[in-house]
Amino acid sequence: MISNSNYAPKGLIIAGTHSGVGKTTFTLGLLHALRRRGLTVQPFKVGPDFIDPGHHSRVAGRVSRNLDGWMLSREANLEIFRPQSRDVDVVVVEGVMGLFDGFAGDSEDGSTAQMAKWLGLPVLLIVDARSMARSAAALVQGFATFDPDLPFLGIVFNRIAGPRHREYLEAALTQVPGVRCFGALPRENDLAIPERHLGLTTTEDHPLDMAYLDRLADLLETNLDLDGLMAALPALPLPLTAPLTGAKPEIRLGVAKDPAFCFYYPENLELLAHFGAELVFFSPLSDRTLPPDLDGLYLGGGYPELFAERLAANRVMLQAVGQAAQAGLPIYAECGGLMYLSQEISTKEGQTFPMAGVLPLRVRMLPRLKALGYREVTLFADTLLGPAGTQARGHEFHYSEIVSGADGLAQVYRLTARRPGEETEEGFIINNVLASYVHLHFASNPDLPRHLVAACREYKNGM
């Protein structure tokens, strides 16, 4: 076992030329290979992603955190990054989409490149070399020189056809001075993590057993100059700080957590605890009733549509949630949580399953993406999350749509998307329930969790 005290923390960002280049598989293999060497590794993920961080956490044995240059300020990102990077050997940050892709075509906001510069970490670029030879050098040169302020570490070719293909690629790369190739990985289609409609399957459904992880790590050890890569990494340039501490619990907040409801930013939960919430986790899938003495509920996103039959069969839990809503319990729900509070969910196969019936909404799944992208939320009425005028940022990503029931239901979110003038209304309120398709990041405005805890405190005190 290598002692952390003998090593200053090092770090890198793993980027790609485009989405689907193999960043996640490479990241998981690197995390496991480093852990096999006795190193303590802290993972991060750039962008509003819940699935990849779950896989990171499983492999690294440490909770992976999201970093995002559009949802969060530079300082908020550093406040997430610094405490988690203490007492580790290596920080591994997986990028989002292509290296320079972000919120807009003329801005680096939200991109992996922006985050690399904010953190001062060098970029290791994964290049999908299928059906390429000398052209790969032109591609690499463009990425390496596009932003002269970007710390560029080198590249790894992925999905090469064999040793001869690697020779062509390495020969071509000699025409790009100053760019180091750390390895070339062969095509291994059976190592790809299965996908479904929101992206990769979650760690709950594809648990990445040790045999799979060992194969990934062996692939990297065989085809990557891992010793050279580690030697080339710089020490982390940022001062590292203590993590956020929780306040003395004042209220009990139930949090739905199981394979159907597993999309939560860790900072959302930690900020709630910081402001005085005792988090009480429960499973709408398997628990028969809500935990006792709750002062509020937080129903996050996930895959309720995949578990709709089991959720519908647990009528005792559905009734408990419905009764709690009728009694005025503060309930905040996001995406999958909104679907759970609806009247029913209709699957792509045409089956319909009853849900909690708190909201008069009927929801159906679609074969295509319904909504995807960043959202800025402005409250135009007082809510559980704050007074009118409160702003926060988050994102939407769902294949379901509301088919009826929204008319006449109070809506309190003004949503702004990418283009100026693209404003819509959403955010449904009924009794003391606030539900939306938007996944808000509480670190974009820490007043949100403070107000939610305060609302639970008022309920507890009977105010």
# chains A, B, ... in the order shown; residues from 1 in each chain; ligands from 1

call {"tool": "select_by_dssp", "arguments": {"residues": "region 127-354 of chain A", "states": "strand (DSSP E)", "output": "PyMOL selection string"}}
result
chain A and resi 127-128+152-160+181-186+195-196+199-200+251-256+261-263+277-282+296-299+301-302+331-334+344-346+352-354

call {"tool": "write_last_selection", "arguments": {"atoms": "N, CA and C atoms", "output": "compact mmCIF listing (two decimals), in the first residue's frame"}}
result
# COMPACT_ATOMS: atom_id res chain seq x y z
N VAL A 127 -8.71 9.96 -28.36
CA VAL A 127 -8.96 10.12 -29.80
C VAL A 127 -9.46 8.79 -30.36
N ASP A 128 -10.69 8.78 -30.84
CA ASP A 128 -11.23 7.58 -31.49
C ASP A 128 -10.59 7.48 -32.88
N PHE A 152 -2.25 21.18 -22.01
CA PHE A 152 -2.46 19.96 -22.80
C PHE A 152 -1.39 18.94 -22.44
N LEU A 153 -1.81 17.78 -21.93
CA LEU A 153 -0.89 16.75 -21.46
C LEU A 153 -0.45 15.82 -22.58
N GLY A 154 -1.40 15.37 -23.39
CA GLY A 154 -1.10 14.43 -24.45
C GLY A 154 -2.35 13.70 -24.87
N ILE A 155 -2.17 12.60 -25.61
CA ILE A 155 -3.32 11.88 -26.16
C ILE A 155 -3.21 10.38 -25.89
N VAL A 156 -4.35 9.71 -26.03
CA VAL A 156 -4.43 8.26 -26.10
C VAL A 156 -5.33 7.92 -27.27
N PHE A 157 -4.84 7.10 -28.20
CA PHE A 157 -5.67 6.61 -29.29
C PHE A 157 -6.55 5.48 -28.77
N ASN A 158 -7.79 5.46 -29.21
CA ASN A 158 -8.72 4.40 -28.78
C ASN A 158 -9.29 3.71 -30.02
N ARG A 159 -9.66 2.45 -29.81
CA ARG A 159 -10.33 1.63 -30.83
C ARG A 159 -9.48 1.46 -32.09
N ILE A 160 -8.19 1.18 -31.89
CA ILE A 160 -7.33 0.92 -33.05
C ILE A 160 -7.54 -0.52 -33.51
N CYS A 181 2.03 10.88 -27.13
CA CYS A 181 1.06 9.78 -27.15
C CYS A 181 1.40 8.81 -26.03
N PHE A 182 0.44 8.61 -25.12
CA PHE A 182 0.69 7.73 -23.97
C PHE A 182 0.22 6.30 -24.21
N GLY A 183 -0.42 6.05 -25.37
CA GLY A 183 -0.82 4.69 -25.64
C GLY A 183 -1.89 4.61 -26.71
N ALA A 184 -2.22 3.39 -27.09
CA ALA A 184 -3.25 3.12 -28.08
C ALA A 184 -4.00 1.87 -27.67
N LEU A 185 -5.30 2.00 -27.50
CA LEU A 185 -6.12 0.89 -26.99
C LEU A 185 -6.85 0.21 -28.13
N PRO A 186 -6.85 -1.12 -28.14
CA PRO A 186 -7.54 -1.85 -29.22
C PRO A 186 -9.06 -1.82 -29.03
N GLU A 195 -26.17 0.78 -22.75
CA GLU A 195 -26.86 2.06 -22.69
C GLU A 195 -28.37 1.83 -22.73
N ARG A 196 -29.10 2.85 -22.25
CA ARG A 196 -30.53 2.90 -22.44
C ARG A 196 -30.92 4.36 -22.63
N GLY A 199 -28.92 7.28 -21.25
CA GLY A 199 -27.47 7.14 -21.31
C GLY A 199 -27.06 5.75 -20.88
N LEU A 200 -25.93 5.66 -20.20
CA LEU A 200 -25.46 4.36 -19.72
C LEU A 200 -26.40 3.84 -18.65
N ILE A 251 -34.63 19.17 11.66
CA ILE A 251 -35.81 18.55 11.03
C ILE A 251 -35.38 17.21 10.41
N ARG A 252 -36.37 16.35 10.18
CA ARG A 252 -36.13 15.06 9.53
C ARG A 252 -36.69 15.12 8.12
N LEU A 253 -35.80 14.96 7.14
CA LEU A 253 -36.18 15.03 5.73
C LEU A 253 -36.05 13.65 5.09
N GLY A 254 -37.16 13.08 4.65
CA GLY A 254 -37.13 11.81 3.96
C GLY A 254 -36.62 11.98 2.54
N VAL A 255 -35.69 11.13 2.13
CA VAL A 255 -35.10 11.19 0.79
C VAL A 255 -35.28 9.84 0.12
N ALA A 256 -36.01 9.82 -1.00
CA ALA A 256 -36.21 8.58 -1.74
C ALA A 256 -34.89 8.14 -2.38
N PHE A 261 -34.95 5.80 -7.86
CA PHE A 261 -34.72 7.20 -7.51
C PHE A 261 -33.27 7.34 -7.03
N CYS A 262 -32.38 7.63 -7.95
CA CYS A 262 -30.95 7.61 -7.62
C CYS A 262 -30.20 8.81 -8.19
N PHE A 263 -30.92 9.82 -8.68
CA PHE A 263 -30.26 10.97 -9.28
C PHE A 263 -30.27 12.15 -8.30
N ALA A 277 -30.89 19.69 8.23
CA ALA A 277 -31.74 18.54 7.93
C ALA A 277 -31.05 17.24 8.30
N GLU A 278 -31.75 16.38 9.00
CA GLU A 278 -31.33 14.99 9.15
C GLU A 278 -31.92 14.22 7.98
N LEU A 279 -31.06 13.67 7.13
CA LEU A 279 -31.51 12.97 5.94
C LEU A 279 -31.88 11.53 6.29
N VAL A 280 -33.11 11.16 6.00
CA VAL A 280 -33.62 9.83 6.32
C VAL A 280 -33.96 9.15 4.99
N PHE A 281 -33.13 8.21 4.58
CA PHE A 281 -33.32 7.57 3.28
C PHE A 281 -34.35 6.44 3.36
N PHE A 282 -35.14 6.32 2.29
CA PHE A 282 -36.13 5.25 2.24
C PHE A 282 -36.32 4.83 0.79
N GLY A 296 -40.53 16.59 6.06
CA GLY A 296 -40.49 16.93 4.64
C GLY A 296 -40.04 15.74 3.82
N LEU A 297 -40.23 15.83 2.50
CA LEU A 297 -39.82 14.77 1.57
C LEU A 297 -39.06 15.39 0.40
N TYR A 298 -38.05 14.66 -0.07
CA TYR A 298 -37.29 15.02 -1.27
C TYR A 298 -37.31 13.80 -2.18
N LEU A 299 -38.00 13.93 -3.30
CA LEU A 299 -38.12 12.84 -4.27
C LEU A 299 -37.30 13.21 -5.50
N GLY A 301 -34.72 12.37 -9.01
CA GLY A 301 -34.94 11.75 -10.31
C GLY A 301 -34.42 10.33 -10.35
N GLY A 302 -34.57 9.72 -11.51
CA GLY A 302 -34.12 8.34 -11.68
C GLY A 302 -34.88 7.69 -12.82
N ILE A 331 -43.09 18.80 0.27
CA ILE A 331 -42.56 17.78 -0.63
C ILE A 331 -41.95 18.47 -1.83
N TYR A 332 -40.66 18.21 -2.07
CA TYR A 332 -39.98 18.73 -3.25
C TYR A 332 -39.62 17.55 -4.14
N ALA A 333 -40.02 17.61 -5.43
CA ALA A 333 -39.84 16.48 -6.34
C ALA A 333 -39.23 16.96 -7.65
N GLU A 334 -38.29 16.18 -8.18
CA GLU A 334 -37.61 16.48 -9.44
C GLU A 334 -37.77 15.33 -10.42
N GLU A 344 -50.62 8.76 -13.08
CA GLU A 344 -50.23 7.49 -13.71
C GLU A 344 -49.07 7.71 -14.67
N ILE A 345 -48.36 6.61 -14.94
CA ILE A 345 -47.29 6.57 -15.93
C ILE A 345 -47.66 5.54 -16.98
N SER A 346 -47.63 5.94 -18.25
CA SER A 346 -47.84 5.02 -19.36
C SER A 346 -46.49 4.73 -20.00
N THR A 352 -50.18 1.06 -18.49
CA THR A 352 -50.40 2.21 -17.63
C THR A 352 -50.43 1.76 -16.18
N PHE A 353 -49.68 2.48 -15.33
CA PHE A 353 -49.58 2.12 -13.92
C PHE A 353 -49.94 3.32 -13.05
N PRO A 354 -50.80 3.12 -12.05
CA PRO A 354 -51.17 4.23 -11.17
C PRO A 354 -50.02 4.61 -10.25

call {"tool": "closest_atom_pairs", "arguments": {"of": "region 83-196 of chain A", "to": "region 243-250 of chain A", "cutoff": "10 Å", "atoms": "only C-alpha atoms", "output": "JSON lines"}}
result
{"residue": "A:Pro83", "atom": "CA", "partner": "A:Pro243", "partner_atom": "CA", "distance": 4.8}
{"residue": "A:Gln84", "atom": "CA", "partner": "A:Pro243", "partner_atom": "CA", "distance": 7.1}
{"residue": "A:Ser85", "atom": "CA", "partner": "A:Pro243", "partner_atom": "CA", "distance": 9.9}
{"residue": "A:Arg86", "atom": "CA", "partner": "A:Pro243", "partner_atom": "CA", "distance": 9.3}

call {"tool": "select_by_dssp", "arguments": {"residues": "region 185-396 of chain A", "states": "helix (DSSP H, G or I)", "output": "VMD selection string"}}
result
chain A and resid 189 to 191 210 to 223 226 to 232 266 to 274 304 to 313 315 to 326 336 to 341

call {"tool": "write_last_selection", "arguments": {"atoms": "C-alpha atoms", "output": "PDB file, in the first residue's frame"}}
result
ATOM      1  CA  ASN A 189     -16.659  -3.864 -27.974  1.00  0.00           C
ATOM      2  CA  ASP A 190     -17.676  -6.241 -25.194  1.00  0.00           C
ATOM      3  CA  LEU A 191     -16.178  -3.879 -22.587  1.00  0.00           C
ATOM      4  CA  MET A 210     -14.368  -7.176 -10.328  1.00  0.00           C
ATOM      5  CA  ALA A 211     -13.746  -9.393 -13.350  1.00  0.00           C
ATOM      6  CA  TYR A 212     -14.969  -6.625 -15.669  1.00  0.00           C
ATOM      7  CA  LEU A 213     -12.906  -3.970 -13.896  1.00  0.00           C
ATOM      8  CA  ASP A 214      -9.793  -6.139 -13.951  1.00  0.00           C
ATOM      9  CA  ARG A 215     -10.173  -6.599 -17.702  1.00  0.00           C
ATOM     10  CA  LEU A 216     -10.423  -2.839 -18.163  1.00  0.00           C
ATOM     11  CA  ALA A 217      -7.400  -2.188 -15.988  1.00  0.00           C
ATOM     12  CA  ASP A 218      -5.393  -4.955 -17.698  1.00  0.00           C
ATOM     13  CA  LEU A 219      -6.200  -3.391 -21.072  1.00  0.00           C
ATOM     14  CA  LEU A 220      -4.777  -0.070 -19.909  1.00  0.00           C
ATOM     15  CA  GLU A 221      -1.734  -1.583 -18.223  1.00  0.00           C
ATOM     16  CA  THR A 222      -0.878  -3.473 -21.418  1.00  0.00           C
ATOM     17  CA  ASN A 223      -1.459  -0.692 -23.937  1.00  0.00           C
ATOM     18  CA  LEU A 226       0.777   4.344 -17.145  1.00  0.00           C
ATOM     19  CA  ASP A 227       4.075   4.965 -15.353  1.00  0.00           C
ATOM     20  CA  GLY A 228       4.935   7.713 -17.841  1.00  0.00           C
ATOM     21  CA  LEU A 229       1.467   9.208 -17.518  1.00  0.00           C
ATOM     22  CA  MET A 230       1.659   9.381 -13.725  1.00  0.00           C
ATOM     23  CA  ALA A 231       5.146  10.867 -13.863  1.00  0.00           C
ATOM     24  CA  ALA A 232       3.939  13.577 -16.243  1.00  0.00           C
ATOM     25  CA  PRO A 266     -24.179  15.075  -3.390  1.00  0.00           C
ATOM     26  CA  GLU A 267     -23.964  18.814  -2.719  1.00  0.00           C
ATOM     27  CA  ASN A 268     -27.765  19.065  -2.677  1.00  0.00           C
ATOM     28  CA  LEU A 269     -27.904  16.585   0.180  1.00  0.00           C
ATOM     29  CA  GLU A 270     -24.904  18.045   1.973  1.00  0.00           C
ATOM     30  CA  LEU A 271     -26.273  21.576   1.810  1.00  0.00           C
ATOM     31  CA  LEU A 272     -29.572  20.370   3.249  1.00  0.00           C
ATOM     32  CA  ALA A 273     -27.656  18.756   6.118  1.00  0.00           C
ATOM     33  CA  HIS A 274     -25.571  21.923   6.501  1.00  0.00           C
ATOM     34  CA  PRO A 304     -39.460   5.272 -12.164  1.00  0.00           C
ATOM     35  CA  GLU A 305     -40.721   4.213 -15.603  1.00  0.00           C
ATOM     36  CA  LEU A 306     -38.528   1.096 -15.503  1.00  0.00           C
ATOM     37  CA  PHE A 307     -39.950   0.167 -12.114  1.00  0.00           C
ATOM     38  CA  ALA A 308     -43.486   1.429 -12.663  1.00  0.00           C
ATOM     39  CA  GLU A 309     -45.101  -1.959 -12.079  1.00  0.00           C
ATOM     40  CA  ARG A 310     -43.297  -2.447  -8.750  1.00  0.00           C
ATOM     41  CA  LEU A 311     -43.956   1.127  -7.653  1.00  0.00           C
ATOM     42  CA  ALA A 312     -47.658   0.749  -8.496  1.00  0.00           C
ATOM     43  CA  ALA A 313     -47.822  -2.558  -6.628  1.00  0.00           C
ATOM     44  CA  ARG A 315     -49.925   0.730  -2.800  1.00  0.00           C
ATOM     45  CA  VAL A 316     -49.222   1.211   0.900  1.00  0.00           C
ATOM     46  CA  MET A 317     -46.290   3.523   0.120  1.00  0.00           C
ATOM     47  CA  LEU A 318     -48.215   5.398  -2.565  1.00  0.00           C
ATOM     48  CA  GLN A 319     -51.055   5.992  -0.139  1.00  0.00           C
ATOM     49  CA  ALA A 320     -48.642   7.128   2.570  1.00  0.00           C
ATOM     50  CA  VAL A 321     -47.133   9.712   0.226  1.00  0.00           C
ATOM     51  CA  GLY A 322     -50.576  10.878  -0.860  1.00  0.00           C
ATOM     52  CA  GLN A 323     -51.752  11.237   2.728  1.00  0.00           C
ATOM     53  CA  ALA A 324     -48.592  13.138   3.669  1.00  0.00           C
ATOM     54  CA  ALA A 325     -49.198  15.579   0.816  1.00  0.00           C
ATOM     55  CA  GLN A 326     -52.803  16.095   1.877  1.00  0.00           C
ATOM     56  CA  GLY A 336     -38.722  11.072 -11.645  1.00  0.00           C
ATOM     57  CA  GLY A 337     -40.159  12.369  -8.397  1.00  0.00           C
ATOM     58  CA  LEU A 338     -42.700  14.419 -10.360  1.00  0.00           C
ATOM     59  CA  MET A 339     -43.667  11.278 -12.286  1.00  0.00           C
ATOM     60  CA  TYR A 340     -44.099   9.374  -9.022  1.00  0.00           C
ATOM     61  CA  LEU A 341     -46.468  12.058  -7.707  1.00  0.00           C
TER      62      LEU A 341
END

call {"tool": "closest_residue", "arguments": {"among": "A:Val412, A:Val91, A:Ala33, A:Val46", "to": "Met71 (chain A)", "atoms": "only C-alpha atoms"}}
result
A:Val46

call {"tool": "closest_residue", "arguments": {"among": "A:Ala417, A:Met97, A:Cys335, A:Ile80", "to": "Leu434 (chain A)", "atoms": "only C-alpha atoms"}}
result
A:Cys335

call {"tool": "residues_around", "arguments": {"residues": "Thr174 (chain A)", "least_positions_apart": "2", "cutoff": "12 Å", "atoms": "only C-alpha atoms", "output": "list in words"}}
result
Arg134, Ala136, Ala137, Ala138, Val140, Gln141, Glu167, Tyr168, Leu169, Glu170, Ala171, Ala172, Val176, Pro177, Gly178, Val179, Arg180 and Cys181 of chain A

call {"tool": "write_last_selection", "arguments": {"atoms": "C-alpha atoms", "output": "PDB file, in the first residue's frame"}}
result
ATOM      1  CA  ARG A 134      -2.506  10.267 -41.004  1.00  0.00           C
ATOM      2  CA  ALA A 136      -5.526  11.669 -36.909  1.00  0.00           C
ATOM      3  CA  ALA A 137      -2.455  13.911 -36.696  1.00  0.00           C
ATOM      4  CA  ALA A 138      -4.362  16.836 -38.202  1.00  0.00           C
ATOM      5  CA  VAL A 140      -4.802  16.150 -32.793  1.00  0.00           C
ATOM      6  CA  GLN A 141      -2.967  19.271 -33.924  1.00  0.00           C
ATOM      7  CA  GLU A 167       2.388   2.231 -36.203  1.00  0.00           C
ATOM      8  CA  TYR A 168       0.618   4.417 -38.794  1.00  0.00           C
ATOM      9  CA  LEU A 169      -0.870   6.622 -36.087  1.00  0.00           C
ATOM     10  CA  GLU A 170       2.381   7.054 -34.184  1.00  0.00           C
ATOM     11  CA  ALA A 171       4.249   7.866 -37.388  1.00  0.00           C
ATOM     12  CA  ALA A 172       1.658  10.491 -38.275  1.00  0.00           C
ATOM     13  CA  VAL A 176       2.697  17.275 -34.444  1.00  0.00           C
ATOM     14  CA  PRO A 177       5.581  18.527 -32.299  1.00  0.00           C
ATOM     15  CA  GLY A 178       5.154  18.665 -28.544  1.00  0.00           C
ATOM     16  CA  VAL A 179       2.203  16.249 -28.337  1.00  0.00           C
ATOM     17  CA  ARG A 180       2.921  13.026 -26.494  1.00  0.00           C
ATOM     18  CA  CYS A 181       1.057   9.781 -27.146  1.00  0.00           C
TER      19      CYS A 181
END

call {"tool": "closest_residue", "arguments": {"among": "A:Ser64, A:Gln175, A:Gln411, A:Ser436", "to": "Ala381 (chain A)", "atoms": "only C-alpha atoms"}}
result
A:Gln411

call {"tool": "residues_around", "arguments": {"residues": "Ile402 (chain A)", "least_positions_apart": "4", "cutoff": "9 Å", "atoms": "only C-alpha atoms", "output": "ChimeraX atom specification"}}
result
/A:339,361-364,406

call {"tool": "write_last_selection", "arguments": {"atoms": "C-alpha atoms", "output": "PDB file, in the first residue's frame"}}
result
ATOM      1  CA  MET A 339     -43.667  11.278 -12.286  1.00  0.00           C
ATOM      2  CA  LEU A 361     -50.911  14.908 -14.159  1.00  0.00           C
ATOM      3  CA  ARG A 362     -50.794  11.946 -16.490  1.00  0.00           C
ATOM      4  CA  VAL A 363     -47.376  11.060 -17.853  1.00  0.00           C
ATOM      5  CA  ARG A 364     -46.342   8.884 -20.778  1.00  0.00           C
ATOM      6  CA  ALA A 406     -51.370  20.661 -16.237  1.00  0.00           C
TER       7      ALA A 406
END

call {"tool": "residues_around", "arguments": {"residues": "Glu108 (chain A)", "least_positions_apart": "2", "cutoff": "12 Å", "atoms": "only C-alpha atoms", "output": "tab-separated table (two decimals) with N, CA and C atoms, in the first residue's frame"}}
result
chain	number	residue	atom	x	y	z
A	68	ASP	N	-19.39	21.88	-13.01
A	68	ASP	CA	-20.13	22.41	-14.15
A	68	ASP	C	-19.92	23.90	-14.26
A	69	GLY	N	-19.41	24.34	-15.41
A	69	GLY	CA	-19.08	25.74	-15.60
A	69	GLY	C	-20.25	26.61	-15.98
A	70	TRP	N	-21.40	26.03	-16.28
A	70	TRP	CA	-22.57	26.84	-16.56
A	70	TRP	C	-23.54	26.88	-15.36
A	98	GLY	N	-17.33	16.70	-26.35
A	98	GLY	CA	-15.99	16.97	-26.85
A	98	GLY	C	-15.31	18.02	-25.99
A	99	LEU	N	-14.00	18.09	-26.08
A	99	LEU	CA	-13.20	18.94	-25.20
A	99	LEU	C	-13.70	20.38	-25.13
A	100	PHE	N	-14.09	20.96	-26.26
A	100	PHE	CA	-14.46	22.37	-26.30
A	100	PHE	C	-15.97	22.59	-26.35
A	101	ASP	N	-16.76	21.52	-26.26
A	101	ASP	CA	-18.22	21.64	-26.34
A	101	ASP	C	-18.79	22.07	-24.99
A	102	GLY	N	-19.72	23.02	-25.04
A	102	GLY	CA	-20.34	23.49	-23.81
A	102	GLY	C	-21.71	24.06	-24.08
A	103	PHE	N	-22.00	25.18	-23.41
A	103	PHE	CA	-23.34	25.77	-23.47
A	103	PHE	C	-23.65	26.36	-24.84
A	104	ALA	N	-22.65	26.93	-25.51
A	104	ALA	CA	-22.90	27.60	-26.78
A	104	ALA	C	-21.69	27.42	-27.70
A	105	GLY	N	-21.90	27.63	-29.00
A	105	GLY	CA	-20.83	27.44	-29.97
A	105	GLY	C	-19.76	28.51	-29.91
A	106	ASP	N	-20.09	29.68	-29.38
A	106	ASP	CA	-19.12	30.78	-29.34
A	106	ASP	C	-18.61	31.05	-27.93
A	110	GLY	N	-19.29	25.92	-19.58
A	110	GLY	CA	-19.78	24.55	-19.42
A	110	GLY	C	-18.92	23.49	-20.06
A	111	SER	N	-17.81	23.86	-20.69
A	111	SER	CA	-16.98	22.89	-21.41
A	111	SER	C	-15.91	22.27	-20.51
A	112	THR	N	-15.38	21.16	-20.98
A	112	THR	CA	-14.25	20.52	-20.30
A	112	THR	C	-13.04	21.43	-20.32
A	113	ALA	N	-12.82	22.14	-21.43
A	113	ALA	CA	-11.66	23.04	-21.54
A	113	ALA	C	-11.73	24.14	-20.48
A	114	GLN	N	-12.91	24.70	-20.29
A	114	GLN	CA	-13.06	25.74	-19.27
A	114	GLN	C	-12.71	25.19	-17.89
A	115	MET	N	-13.20	23.99	-17.59
A	115	MET	CA	-12.94	23.41	-16.27
A	115	MET	C	-11.46	23.10	-16.08
A	116	ALA	N	-10.79	22.66	-17.15
A	116	ALA	CA	-9.36	22.39	-17.05
A	116	ALA	C	-8.59	23.65	-16.66
A	117	LYS	N	-8.98	24.78	-17.24
A	117	LYS	CA	-8.30	26.03	-16.93
A	117	LYS	C	-8.65	26.51	-15.53
A	118	TRP	N	-9.89	26.35	-15.11
A	118	TRP	CA	-10.29	26.76	-13.76
A	118	TRP	C	-9.53	25.97	-12.70
A	146	PHE	N	-5.91	24.77	-30.51
A	146	PHE	CA	-7.11	25.60	-30.61
A	146	PHE	C	-7.16	26.66	-29.51
A	147	ASP	N	-6.80	26.29	-28.30
A	147	ASP	CA	-6.79	27.24	-27.18
A	147	ASP	C	-5.39	27.23	-26.57
A	150	LEU	N	-4.85	26.45	-22.79
A	150	LEU	CA	-5.26	25.15	-22.24
A	150	LEU	C	-4.04	24.30	-21.91

call {"tool": "atom_distance", "arguments": {"atom1": "CA of Phe50 (chain A)", "atom2": "CA of Met365 (chain A)"}}
result
19.9 Å

call {"tool": "atom_distance", "arguments": {"atom1": "CA of Gly11 (chain A)", "atom2": "CA of Leu78 (chain A)"}}
result
14.2 Å

call {"tool": "closest_residue", "arguments": {"among": "A:Gly408, A:Gly350, A:Pro48, A:Pro239", "to": "Leu440 (chain A)", "atoms": "only C-alpha atoms"}}
result
A:Pro48
